[in-house]
Each structure stands twice: as structure tokens, then as C-alpha cells.
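Chemist: Sharing upload-v9.cif (mmCIF, C-alpha atoms) below.
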data_start
loop_
_atom_site.label_atom_id
_atom_site.label_comp_id
_atom_site.auth_asym_id
_atom_site.auth_seq_id
_atom_site.Cartn_x
_atom_site.Cartn_y
_atom_site.Cartn_z
CA MET U 1 62.60 114.26 105.01
CA PHE U 2 64.88 111.60 106.48
CA PHE U 3 62.89 108.57 105.25
CA CYS U 4 63.24 109.43 101.58
CA GLN U 5 64.39 107.07 98.83
CA LEU U 6 68.09 106.23 98.99
CA PRO U 7 69.92 107.28 95.79
CA GLU U 8 70.30 104.41 93.35
CA LYS U 9 74.10 104.65 93.36
CA LYS U 10 74.17 104.01 97.13
CA ARG U 11 71.87 100.98 97.17
CA ILE U 12 73.55 97.68 97.86
CA ASN U 13 72.71 94.08 97.01
CA LEU U 14 74.99 92.08 99.27
CA SER U 15 75.75 88.41 98.59
CA PHE U 16 78.28 85.89 99.81
CA THR U 17 79.34 82.45 98.60
CA ASP U 18 81.01 79.48 100.32
CA VAL U 19 81.86 81.34 103.52
CA THR U 20 83.57 79.29 106.20
CA PHE U 21 84.76 80.41 109.62
CA GLN U 22 86.58 78.36 112.24
CA VAL U 23 87.94 79.01 115.71
CA GLN U 24 90.62 77.11 117.54
CA GLU U 25 89.19 75.16 120.45
CA LYS U 26 91.72 73.24 122.55
CA SER U 27 93.57 70.93 120.15
CA LYS U 28 91.21 71.02 117.16
CA PRO U 29 89.41 73.71 115.16
CA LYS U 30 85.67 74.26 115.62
CA THR U 31 83.58 75.20 112.59
CA ILE U 32 81.14 78.06 113.26
CA LEU U 33 80.10 78.72 109.65
CA ASN U 34 80.28 75.82 107.23
CA ASN U 35 80.50 76.81 103.56
CA ILE U 36 77.30 78.90 103.60
CA SER U 37 75.98 81.21 100.89
CA GLY U 38 73.26 83.85 100.82
CA GLU U 39 71.93 87.09 99.41
CA PHE U 40 70.49 90.23 101.01
CA CYS U 41 68.94 92.83 98.72
CA ALA U 42 68.33 96.55 98.97
CA GLY U 43 64.77 97.46 99.84
CA GLU U 44 64.26 94.31 101.92
CA LEU U 45 64.05 93.62 105.63
CA SER U 46 66.05 90.39 105.84
CA VAL U 47 65.93 88.39 109.06
CA ILE U 48 68.39 85.70 110.15
CA ILE U 49 66.82 83.20 112.53
CA GLY U 50 67.87 79.96 114.17
CA SER U 51 68.47 78.33 117.50
CA SER U 52 71.10 79.61 119.92
CA GLY U 53 74.66 78.91 118.76
CA CYS U 54 73.77 78.40 115.10
CA GLY U 55 76.13 81.20 113.93
CA LYS U 56 73.80 84.19 113.48
CA THR U 57 75.99 86.70 115.30
CA THR U 58 79.17 85.36 113.71
CA LEU U 59 77.71 85.89 110.24
CA LEU U 60 76.71 89.46 111.11
CA ASN U 61 80.17 90.17 112.56
CA ILE U 62 81.82 88.99 109.34
CA ILE U 63 79.48 91.04 107.14
CA ALA U 64 80.11 94.10 109.32
CA GLY U 65 83.87 93.49 109.39
CA TYR U 66 83.70 93.63 113.18
CA ARG U 67 86.59 91.94 115.02
CA ILE U 68 86.67 88.85 112.82
CA HIS U 69 87.46 88.25 109.15
CA THR U 70 87.62 85.22 106.93
CA LYS U 71 89.45 84.42 103.71
CA ASP U 72 87.31 81.37 103.03
CA GLY U 73 84.53 82.65 100.78
CA ASP U 74 83.62 85.43 98.38
CA PHE U 75 81.58 88.58 99.04
CA GLN U 76 79.91 90.64 96.34
CA ILE U 77 78.34 94.09 96.08
CA ASN U 78 75.88 94.19 93.21
CA GLY U 79 77.73 91.27 91.65
CA ASN U 80 81.26 92.63 92.12
CA ASN U 81 83.81 91.01 94.45
CA PHE U 82 85.33 92.94 97.33
CA ASP U 83 87.43 92.31 100.41
CA THR U 84 85.84 91.60 103.79
CA LYS U 85 88.16 94.09 105.55
CA GLY U 86 86.40 96.94 103.75
CA LEU U 87 82.94 95.90 104.86
CA HIS U 88 82.92 98.26 107.84
CA GLN U 89 83.24 101.22 105.48
CA MET U 90 79.72 100.74 104.13
CA THR U 91 77.85 99.12 107.03
CA ARG U 92 76.60 100.24 110.42
CA TYR U 93 76.20 97.70 113.21
CA VAL U 94 73.79 97.90 116.17
CA PHE U 95 74.88 95.48 118.88
CA GLN U 96 72.62 93.45 121.09
CA GLU U 97 73.92 95.16 124.24
CA ASN U 98 73.44 98.90 124.60
CA SER U 99 76.65 100.83 125.33
CA ILE U 100 75.28 104.35 125.67
CA VAL U 101 76.53 106.62 128.48
CA PRO U 102 73.59 106.77 130.91
CA CYS U 103 74.18 110.24 132.39
CA PHE U 104 73.46 112.17 129.16
CA THR U 105 70.09 113.01 127.70
CA VAL U 106 68.90 111.56 124.39
CA PHE U 107 69.36 114.91 122.64
CA GLU U 108 72.88 115.40 124.01
CA THR U 109 73.83 111.89 122.92
CA MET U 110 72.50 112.48 119.41
CA MET U 111 74.18 115.88 119.11
CA PHE U 112 77.53 114.42 120.17
CA ALA U 113 77.21 111.73 117.48
CA SER U 114 76.18 114.31 114.87
CA ASN U 115 79.24 116.45 115.67
CA LEU U 116 81.47 113.47 114.96
CA LYS U 117 79.63 111.99 111.96
CA LEU U 118 78.16 114.91 110.03
CA LEU U 119 80.24 117.24 107.91
CA THR U 120 81.85 120.21 109.68
CA LYS U 121 80.16 122.62 107.27
CA CYS U 122 76.78 121.77 108.82
CA SER U 123 75.62 124.51 111.15
CA GLU U 124 74.36 123.96 114.68
CA LYS U 125 70.81 124.70 113.52
CA GLN U 126 71.04 122.10 110.75
CA ARG U 127 72.36 119.49 113.17
CA ARG U 128 69.57 120.14 115.67
CA SER U 129 66.94 119.99 112.92
CA PHE U 130 68.35 116.70 111.61
CA VAL U 131 68.53 115.16 115.09
CA PHE U 132 64.94 116.10 115.91
CA GLU U 133 63.82 114.70 112.55
CA ILE U 134 65.31 111.30 113.43
CA LEU U 135 63.81 111.43 116.92
CA ASP U 136 60.38 112.18 115.44
CA ILE U 137 60.65 109.18 113.13
CA LEU U 138 61.62 106.91 116.02
CA GLN U 139 58.92 108.46 118.23
CA MET U 140 61.48 109.72 120.75
CA ARG U 141 60.83 113.46 120.56
CA GLU U 142 59.12 113.55 123.96
CA GLN U 143 62.12 111.78 125.55
CA ALA U 144 64.69 114.16 124.03
CA ASN U 145 65.49 115.72 127.43
CA THR U 146 65.34 112.43 129.35
CA THR U 147 68.59 110.86 130.49
CA VAL U 148 69.44 107.48 128.98
CA ALA U 149 69.46 105.93 132.44
CA ASN U 150 65.73 106.69 132.80
CA LEU U 151 64.69 105.20 129.44
CA SER U 152 62.97 101.87 129.03
CA GLY U 153 64.61 98.96 127.21
CA GLY U 154 62.73 99.63 123.99
CA GLN U 155 63.59 103.32 124.06
CA ARG U 156 67.28 102.60 124.58
CA LYS U 157 67.21 100.25 121.62
CA ARG U 158 65.65 102.95 119.47
CA VAL U 159 68.35 105.41 120.57
CA SER U 160 71.01 102.88 119.52
CA ILE U 161 69.38 102.65 116.10
CA ALA U 162 69.06 106.44 115.87
CA LEU U 163 72.80 106.89 116.48
CA GLU U 164 73.58 104.71 113.46
CA LEU U 165 70.95 106.35 111.26
CA ILE U 166 72.71 109.72 111.42
CA GLU U 167 74.94 108.75 108.49
CA SER U 168 72.04 107.18 106.54
CA PRO U 169 73.94 103.91 105.94
CA SER U 170 73.41 101.80 102.84
CA VAL U 171 73.57 98.62 104.95
CA LEU U 172 72.27 98.44 108.52
CA LEU U 173 73.01 95.35 110.62
CA LEU U 174 71.30 94.62 113.94
CA ASP U 175 72.05 91.79 116.33
CA GLU U 176 68.78 90.71 117.99
CA PRO U 177 67.24 94.20 118.28
CA THR U 178 64.11 92.87 120.03
CA THR U 179 65.85 91.00 122.86
CA GLY U 180 64.39 91.98 126.23
CA LEU U 181 61.48 93.90 124.69
CA ASP U 182 57.77 93.18 124.96
CA GLU U 183 55.59 92.39 121.95
CA PHE U 184 54.50 95.99 121.38
CA SER U 185 58.01 97.48 121.64
CA SER U 186 59.43 94.73 119.42
CA SER U 187 56.80 95.31 116.73
CA GLN U 188 57.40 99.06 116.94
CA CYS U 189 61.14 98.57 116.47
CA LEU U 190 60.69 96.21 113.51
CA GLY U 191 58.17 98.59 111.97
CA ILE U 192 60.82 101.32 111.90
CA LEU U 193 63.30 98.95 110.27
CA LYS U 194 60.67 97.99 107.68
CA LYS U 195 60.15 101.67 106.77
CA LEU U 196 63.90 102.10 106.44
CA ALA U 197 64.12 99.08 104.13
CA ASN U 198 61.27 100.42 101.99
CA CYS U 199 63.43 103.47 101.28
CA GLY U 200 66.09 101.35 99.57
CA HIS U 201 68.38 100.52 102.50
CA THR U 202 69.64 96.98 103.03
CA VAL U 203 68.47 96.01 106.53
CA ILE U 204 69.70 92.73 108.03
CA CYS U 205 68.92 91.65 111.58
CA SER U 206 69.11 88.47 113.60
CA LEU U 207 66.14 87.42 115.72
CA HIS U 208 65.66 84.59 118.18
CA CYS U 209 61.93 83.82 118.29
CA PRO U 210 59.86 86.34 116.30
CA SER U 211 56.10 86.16 116.68
CA ALA U 212 53.64 85.49 113.86
CA ARG U 213 52.59 89.14 113.90
CA GLN U 214 56.17 90.32 113.50
CA SER U 215 56.92 87.83 110.73
CA GLN U 216 54.42 89.62 108.49
CA MET U 217 56.89 92.52 108.25
CA PHE U 218 59.76 90.35 106.98
CA ASP U 219 60.66 90.34 103.31
CA LYS U 220 63.12 87.48 103.56
CA LEU U 221 64.04 84.72 106.00
CA TYR U 222 67.50 83.24 106.30
CA VAL U 223 67.33 80.19 108.56
CA MET U 224 70.54 78.77 110.03
CA SER U 225 71.28 75.52 111.83
CA GLN U 226 74.69 74.32 113.03
CA GLY U 227 76.47 76.94 110.95
CA GLU U 228 74.65 76.01 107.74
CA CYS U 229 71.72 77.47 105.78
CA ILE U 230 68.60 75.30 105.74
CA TYR U 231 66.23 77.85 104.15
CA GLN U 232 66.41 81.15 102.34
CA GLY U 233 63.27 82.72 100.95
CA GLY U 234 60.00 84.47 101.64
CA VAL U 235 57.97 83.97 104.81
CA ASN U 236 54.94 82.81 102.83
CA ARG U 237 56.96 79.99 101.23
CA VAL U 238 58.21 78.36 104.43
CA LEU U 239 55.33 75.89 104.63
CA SER U 240 55.58 74.78 101.00
CA TYR U 241 59.31 74.27 101.49
CA LEU U 242 58.82 72.12 104.58
CA GLU U 243 56.12 70.06 102.89
CA GLU U 244 58.75 68.76 100.49
CA PHE U 245 60.23 66.91 103.47
CA ASP U 246 56.76 65.68 104.57
CA LEU U 247 56.81 68.16 107.43
CA PHE U 248 53.37 69.72 107.95
CA CYS U 249 53.02 72.66 110.29
CA PRO U 250 49.98 72.44 112.63
CA VAL U 251 47.36 75.12 112.10
CA THR U 252 47.93 76.55 115.58
CA HIS U 253 51.71 76.86 115.13
CA ASN U 254 53.77 79.80 113.97
CA PRO U 255 55.61 78.67 110.79
CA ILE U 256 58.82 80.35 111.98
CA ASP U 257 58.67 78.55 115.33
CA PHE U 258 58.00 75.32 113.45
CA ILE U 259 61.06 75.60 111.20
CA ILE U 260 63.22 76.45 114.23
CA ASP U 261 61.88 73.32 115.93
CA VAL U 262 62.78 71.35 112.81
CA SER U 263 66.32 72.78 112.93
CA THR U 264 66.68 71.54 116.52
CA LYS U 265 65.71 68.01 115.37
CA ALA U 266 62.44 68.05 117.30
CA TYR U 267 60.79 66.17 114.41
CA GLY U 268 63.81 64.16 113.29
CA ASP U 269 67.16 64.86 111.69
CA PHE U 270 66.56 66.71 108.42
CA GLN U 271 69.76 68.79 108.57
CA THR U 272 71.59 67.16 105.65
CA GLU U 273 68.48 66.93 103.45
CA MET U 274 67.55 70.60 103.95
CA VAL U 275 71.10 71.86 103.41
CA THR U 276 71.29 69.83 100.19
CA LYS U 277 67.86 71.02 99.03
CA ILE U 278 68.75 74.70 99.45
CA ASP U 279 72.39 74.02 98.45
CA ASN U 280 73.50 75.73 101.67
CA GLY U 281 71.96 79.03 100.59
CA THR U 282 72.78 78.99 96.88
CA ILE U 283 69.34 77.99 95.54
CA SER U 284 67.11 81.04 94.99
CA LYS U 285 63.90 79.18 94.14
CA TRP U 286 62.05 80.32 97.28
CA LEU U 287 63.32 83.91 97.28
CA PRO U 288 60.70 86.67 96.93
CA LYS U 289 60.37 88.25 93.51
CA LEU U 290 62.62 91.24 92.83
CA SER U 291 60.96 94.60 93.38
CA ASN U 292 61.66 97.66 91.27
CA THR U 293 64.27 98.74 93.82
CA GLN U 294 66.27 95.53 93.48
CA ARG U 295 65.92 95.48 89.68
CA THR U 296 67.37 98.99 89.55
CA VAL U 297 70.30 98.04 91.76
CA SER U 298 70.98 94.83 89.83
CA GLY U 299 71.05 96.80 86.60
CA ILE U 300 73.78 99.23 87.69
CA SER U 301 76.73 98.90 85.35
CA LYS U 302 80.05 97.66 86.62
CA GLU U 303 81.71 100.86 85.44
CA ASN U 304 79.72 102.79 88.02
CA VAL U 305 80.27 100.27 90.81
CA GLY U 306 83.88 99.16 90.42
CA CYS U 307 85.11 95.80 89.18
CA HIS U 308 88.31 95.14 91.08
CA LYS U 309 88.50 92.98 94.17
CA HIS U 310 89.59 94.74 97.38
CA GLU U 311 88.25 98.02 95.96
CA ILE U 312 85.31 99.67 97.72
CA PRO U 313 83.21 101.85 95.40
CA LYS U 314 83.52 105.53 96.30
CA SER U 315 79.76 106.01 96.37
CA PHE U 316 79.51 103.43 99.18
CA LYS U 317 82.29 104.86 101.33
CA THR U 318 81.37 107.03 104.28
CA ASN U 319 83.59 109.87 105.38
CA ARG U 320 84.66 108.93 108.89
CA ALA U 321 87.08 111.85 109.04
CA ASN U 322 84.40 114.53 109.10
CA CYS U 323 86.27 116.48 111.78
CA SER U 324 89.96 116.86 112.53
CA ARG U 325 91.83 115.07 115.29
CA CYS U 326 91.93 118.27 117.34
CA GLN U 327 88.16 118.67 117.06
CA GLU U 328 87.62 115.02 118.00
CA PHE U 329 89.86 115.43 121.04
CA LYS U 330 88.03 118.59 122.09
CA LEU U 331 84.58 116.97 121.75
CA ILE U 332 85.59 113.82 123.62
CA PHE U 333 87.46 115.72 126.35
CA MET U 334 84.52 118.07 127.01
CA ARG U 335 82.15 115.10 127.07
CA PHE U 336 84.43 113.32 129.55
CA LEU U 337 84.43 116.36 131.86
CA GLN U 338 80.63 116.53 131.71
CA GLN U 339 80.33 112.83 132.43
CA MET U 340 82.73 113.03 135.37
CA TRP U 341 80.84 115.99 136.87
CA ARG U 342 77.39 114.44 136.45
CA GLU U 343 78.33 111.11 137.96
CA LYS U 344 78.52 112.55 141.47
CA VAL U 345 79.19 109.28 143.27
CA ASN U 346 82.12 108.40 141.02
CA PHE U 347 83.51 111.93 141.24
CA ARG U 348 83.37 111.99 145.03
CA LEU U 349 84.85 108.52 145.27
CA ARG U 350 87.76 109.50 143.04
CA PHE U 351 88.34 112.72 144.99
CA PHE U 352 88.30 111.27 148.50
CA THR U 353 90.18 108.11 147.50
CA HIS U 354 93.09 110.16 146.19
CA ILE U 355 93.16 112.27 149.36
CA ILE U 356 93.09 109.26 151.67
CA CYS U 357 95.73 107.46 149.61
CA ALA U 358 97.97 110.55 149.61
CA ILE U 359 97.70 110.91 153.42
CA THR U 360 98.42 107.21 153.97
CA ILE U 361 101.47 107.12 151.69
CA GLY U 362 102.75 110.39 153.13
CA PHE U 363 102.45 109.08 156.69
CA VAL U 364 104.22 105.79 155.89
CA PHE U 365 107.15 107.46 154.12
CA TYR U 366 107.39 110.45 156.48
CA GLU U 367 111.00 111.79 156.84
CA VAL U 368 112.39 108.95 154.70
CA PRO U 369 114.16 111.31 152.19
CA ARG U 370 116.01 113.10 155.05
CA ASN U 371 117.95 110.02 156.09
CA ALA U 372 120.35 108.39 153.58
CA GLN U 373 120.13 105.19 155.58
CA TYR U 374 116.61 104.67 154.21
CA SER U 375 117.35 105.63 150.56
CA ILE U 376 116.12 102.25 149.36
CA TYR U 377 112.67 103.27 150.58
CA ASN U 378 112.60 106.04 147.97
CA TYR U 379 112.43 103.27 145.38
CA PHE U 380 109.67 101.56 147.35
CA PHE U 381 107.82 104.87 147.49
CA ALA U 382 107.90 105.21 143.68
CA VAL U 383 106.61 101.64 143.22
CA VAL U 384 103.80 102.12 145.76
CA TYR U 385 102.80 105.48 144.27
CA ILE U 386 102.65 104.13 140.69
CA THR U 387 100.68 101.09 141.84
CA ALA U 388 98.25 103.29 143.77
CA LEU U 389 97.61 105.48 140.72
CA ALA U 390 96.96 102.41 138.59
CA PHE U 391 94.41 100.93 140.99
CA LEU U 392 92.72 104.22 141.88
CA GLY U 393 91.54 104.45 138.28
CA THR U 394 89.27 101.47 138.95
CA SER U 395 87.59 103.09 141.95
CA PRO U 396 84.38 104.07 140.05
CA MET U 397 83.75 100.37 139.49
CA LEU U 398 83.19 100.00 143.22
CA ALA U 399 80.42 102.60 143.12
CA THR U 400 78.60 101.08 140.15
CA GLY U 401 78.92 97.51 141.37
CA ARG U 402 80.79 96.35 138.27
CA LEU U 403 83.79 94.97 140.14
CA LYS U 404 83.24 91.22 140.31
CA ILE U 405 85.44 88.97 142.42
CA LEU U 406 85.81 85.62 140.72
CA PRO U 407 86.17 82.48 142.83
CA ILE U 408 89.58 80.84 142.86
CA ALA U 409 89.53 77.47 141.15
#
Take the structure in the file and give it back as C-alpha cells.

Modeler:
Amino acid sequence: MFFCQLPEKKRINLSFTDVTFQVQEKSKPKTILNNISGEFCAGELSVIIGSSGCGKTTLLNIIAGYRIHTKDGDFQINGNNFDTKGLHQMTRYVFQENSIVPCFTVFETMMFASNLKLLTKCSEKQRRSFVFEILDILQMREQANTTVANLSGGQRKRVSIALELIESPSVLLLDEPTTGLDEFSSSQCLGILKKLANCGHTVICSLHCPSARQSQMFDKLYVMSQGECIYQGGVNRVLSYLEEFDLFCPVTHNPIDFIIDVSTKAYGDFQTEMVTKIDNGTISKWLPKLSNTQRTVSGISKENVGCHKHEIPKSFKTNRANCSRCQEFKLIFMRFLQQMWREKVNFRLRFFTHIICAITIGFVFYEVPRNAQYSIYNYFFAVVYITALAFLGTSPMLATGRLKILPIA
């Protein structure tokens, strides 16, 4: 079965210390992450929360090695240092926005991903069986033959998660997976992530405003404010932590909502005091007790994991070259042809636009090559033709309404 225990050698306890990230804004740098530390363990569903702009997505991007990197700080796998540029080799990242081609069915989308990610020695029958197993777990079997365009928001989110689960990653990162979903769909999505974490995977996601019902599924909270950590620990210890600052949560309030309100200074400015109390994520006093899964991972010897910085342990690497370049080109090319044929409006627009453009250019430059007096117009013809080809490639944007005309300042 897919949701079986992850082998001990592939389980990851991920920690980071004194991580800082800055961006250049006008004439001075802006600090997004300010010397923060933290720990995310295997077998736990860890949730990063905080107000908008506190640095949740930036932290996930750095952990995933997606687009941005930082040299200010140390990252460890099971206590061993490694380089941030190798993070993408052991993590899978589900973005907040879905980028799935809408004209394909769920099954076709999953099969395409399996052809790229699974080993070439897997037969077609094995791939189909594996894909249906994942769809059953995510309760998407009935929608296997439904096009992505006709799925609901929650179903699309589950498909995004399913695409990353094909490789059974040791670390799964999700950027606000419940955004735009109702309470039932959000709880369903988090329930799946909780099951995955129980199997030994390290699951880290950022959430905006989780409900009290959803918070019962969390193993660990990592609360951020202004690029700093103000709490790291179990959900059931939030209230006792806040009471040390004489902050008492009303009975009718959700503790998570209350600590987010505190981070926005709704009850006063406690930013410096809370950062100092938790030592910006270094203090582990409020962390949940280690389970058997984490104890096993923590006890792995360094000989089995690898001790040198910038070296990714082989057991954590995923084989991204499961098929050759020729096979990749064939799969992508055939998928492109299918997509072009199924998107009828775009196909017709491309076809008729090229015909109309060809007739127009041909009429304008009619009989020009026969007269040497107009030889300069041959150059103009080449420029116009190249320009037309460049802009005709954007014609499908007109059909989908994605071409936006920005006002001139």
C-alpha cells in the first residue's frame, strides 16, 4: 500500500539555525527573515502560521531551494550540515496556485507525471495500479476521467498533492494548501497530510487562519511575525506560553487566532519579549515530545547519513533522470499535440490568424521581388514576417482572456 511506513534511512529531521534573508528595496536592503531558527521532524505535521507578509512563503522557498537561496544560516539533516542548493533534491513543493493543464483528465495528468518520475522499468500496468492507488487515498477515483477544468478547488488541490506524492518524498512542503477551500475540503486536505506524516514523512505547510477543528490535527506550530519566530511548539502549549506574558485567551477564542492577533500587536507590542523568550526559534521547551519515529531518525549514525557539508546523502536523493532526454522530448511533444488539439478555440485562432496574416503580408508585398527598384522592401518584408511570427505565438492569450493591457503611467 502507498501509505506504508517510510524506511528509516529516508526519514528526515530538518533543522535550521540563524537564517537571514534580505532583498534589495530601492536604496536599502529589506529583511524578510531575521536570524530565525527552527526544527521540523519526521512523522509530524508541522504548520507555519502568521499574519500576511511575515515571511512564511519565503521560509518555505528557502527550504525547498526554490528560486532563492541564502548563505546566512546553517541547515541540518538529522544533525548534519548541508548546502541549501541541494534542498530541492530531497523535497517536493506544492505551490499555492495550481498550474495544472485544464484540458487533460486527472488520470491522464497522473500518468504523464508517472512516466516522467517513475523508473522506466515499471510497466504500464504497474504505473496504472500505482496511480489509482494514490487517487483512492486522496478520494479522487471517481474523478479520474474528469478534466481538470471541471474539478472544484479542493479537488484541484488534491491533484496537485497527488502529483508530488508519486515519488513518495521524504519532505513535502505546501504553501497554504487550504486557501480558497471551505471548511470541509480544508479539513479533508489536512487529514490526508496528517496520514502522510504518520507514515514517517516530514510534512511542512503554511496556513493563514486555520480553524480550531483543523488545529487538532497539527503536531507542531511555528508562529512567525515580522520575519522572526515568536513560538515553536505543540498546539496544546500555546496558552501556557502566552500566559507567561500575562496574555489570557478568552474561552470563546481559537488559541491560534489569538496568538496571530498578538503577533499583529492587537493586545500590545510583545514582539521583542516573545522572540527573546523563544530565542527566535532555538528554545525547544514547548516542543512536543519525540515519538518513536523521531527517536529512530535522531539515532541514525553519521556514517549512514553523511557528515560533510554540501553533500546530500544518497538515500535522500531522488532520481530525476528516470527517462532519457529523447523519451522526455517524446512525452512532452505528444502531450503538446494533444493539448493543442483539445483546446479548439486556441487551435482555430492560431490557424485562421496565420492564414489572415499570410494573405495580408502577401498582398502588401505583391510583385516587390520582381522590381529591383523596391529591393529595400525585401528587407522590410523579412522584418515584418519575423515580427508577425513572434506576436502570433501570443494569439491564444486573446482567447483565454489572459492578455491584460496595463494603463500607461

Chemist: Assuming the chain letters and numbering stay as they are in my file, what does the PyMOL selection byres ((chain U and resi 188-192) around 9) actually select? List them as a PyMOL selection string.

Modeler: chain U and resi 45+137-138+154+157-158+177-178+183-187+193-197+214+217-218

Chemist: Export, as a PDB file, in the frame of the given file, the selected residues with C-alpha atoms.

Modeler:
ATOM      1  CA  LEU U  45      64.050  93.620 105.630  1.00  0.00           C
ATOM      2  CA  ILE U 137      60.650 109.180 113.130  1.00  0.00           C
ATOM      3  CA  LEU U 138      61.620 106.910 116.020  1.00  0.00           C
ATOM      4  CA  GLY U 154      62.730  99.630 123.990  1.00  0.00           C
ATOM      5  CA  LYS U 157      67.210 100.250 121.620  1.00  0.00           C
ATOM      6  CA  ARG U 158      65.650 102.950 119.470  1.00  0.00           C
ATOM      7  CA  PRO U 177      67.240  94.200 118.280  1.00  0.00           C
ATOM      8  CA  THR U 178      64.110  92.870 120.030  1.00  0.00           C
ATOM      9  CA  GLU U 183      55.590  92.390 121.950  1.00  0.00           C
ATOM     10  CA  PHE U 184      54.500  95.990 121.380  1.00  0.00           C
ATOM     11  CA  SER U 185      58.010  97.480 121.640  1.00  0.00           C
ATOM     12  CA  SER U 186      59.430  94.730 119.420  1.00  0.00           C
ATOM     13  CA  SER U 187      56.800  95.310 116.730  1.00  0.00           C
ATOM     14  CA  LEU U 193      63.300  98.950 110.270  1.00  0.00           C
ATOM     15  CA  LYS U 194      60.670  97.990 107.680  1.00  0.00           C
ATOM     16  CA  LYS U 195      60.150 101.670 106.770  1.00  0.00           C
ATOM     17  CA  LEU U 196      63.900 102.100 106.440  1.00  0.00           C
ATOM     18  CA  ALA U 197      64.120  99.080 104.130  1.00  0.00           C
ATOM     19  CA  GLN U 214      56.170  90.320 113.500  1.00  0.00           C
ATOM     20  CA  MET U 217      56.890  92.520 108.250  1.00  0.00           C
ATOM     21  CA  PHE U 218      59.760  90.350 106.980  1.00  0.00           C
TER      22      PHE U 218
END

Chemist: Hey, what comes out of the PyMOL selection byres ((chain U and resi 92-105) around 9) on this file? Could you write it as JSON, numbers by chain?

Modeler: {"U": [60, 61, 64, 66, 88, 89, 90, 91, 106, 107, 108, 109, 110, 143, 144, 145, 146, 147, 148, 149, 150, 156, 157, 159, 160, 161, 164, 165, 167, 169, 170, 171, 172, 173, 174, 175, 176, 177, 178, 179, 338, 339, 342, 343]}

Chemist: By how many Å are CA of Ser52 (chain U) and CA of Ala266 (chain U) apart?

Modeler: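 Taking CA of Ser52 (chain U) as the start and CA of Ala266 (chain U) as the end point, the length is 14.7 Å.
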
Chemist: Just checking: using only C-alpha atoms, which residue out of U:Arg213, U:Met274, U:Thr31, U:Thr282 ends up closest to Glu243 (chain U)?

Modeler: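 Closest to Glu243 (chain U), using only C-alpha atoms: U:Met274.
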
Chemist: For the PyMOL selection byres ((chain U and resi 234) around 9), applied here, can you spell out every residue it catches as a list in words?

Modeler: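 Matching residues under the PyMOL selection byres ((chain U and resi 234) around 9) are Phe218, Asp219, Lys220, Leu221, Tyr222, Gln232, Gly233, Val235, Asn236, Arg237, Val238, Trp286, Leu287, Pro288 and Lys289 of chain U.
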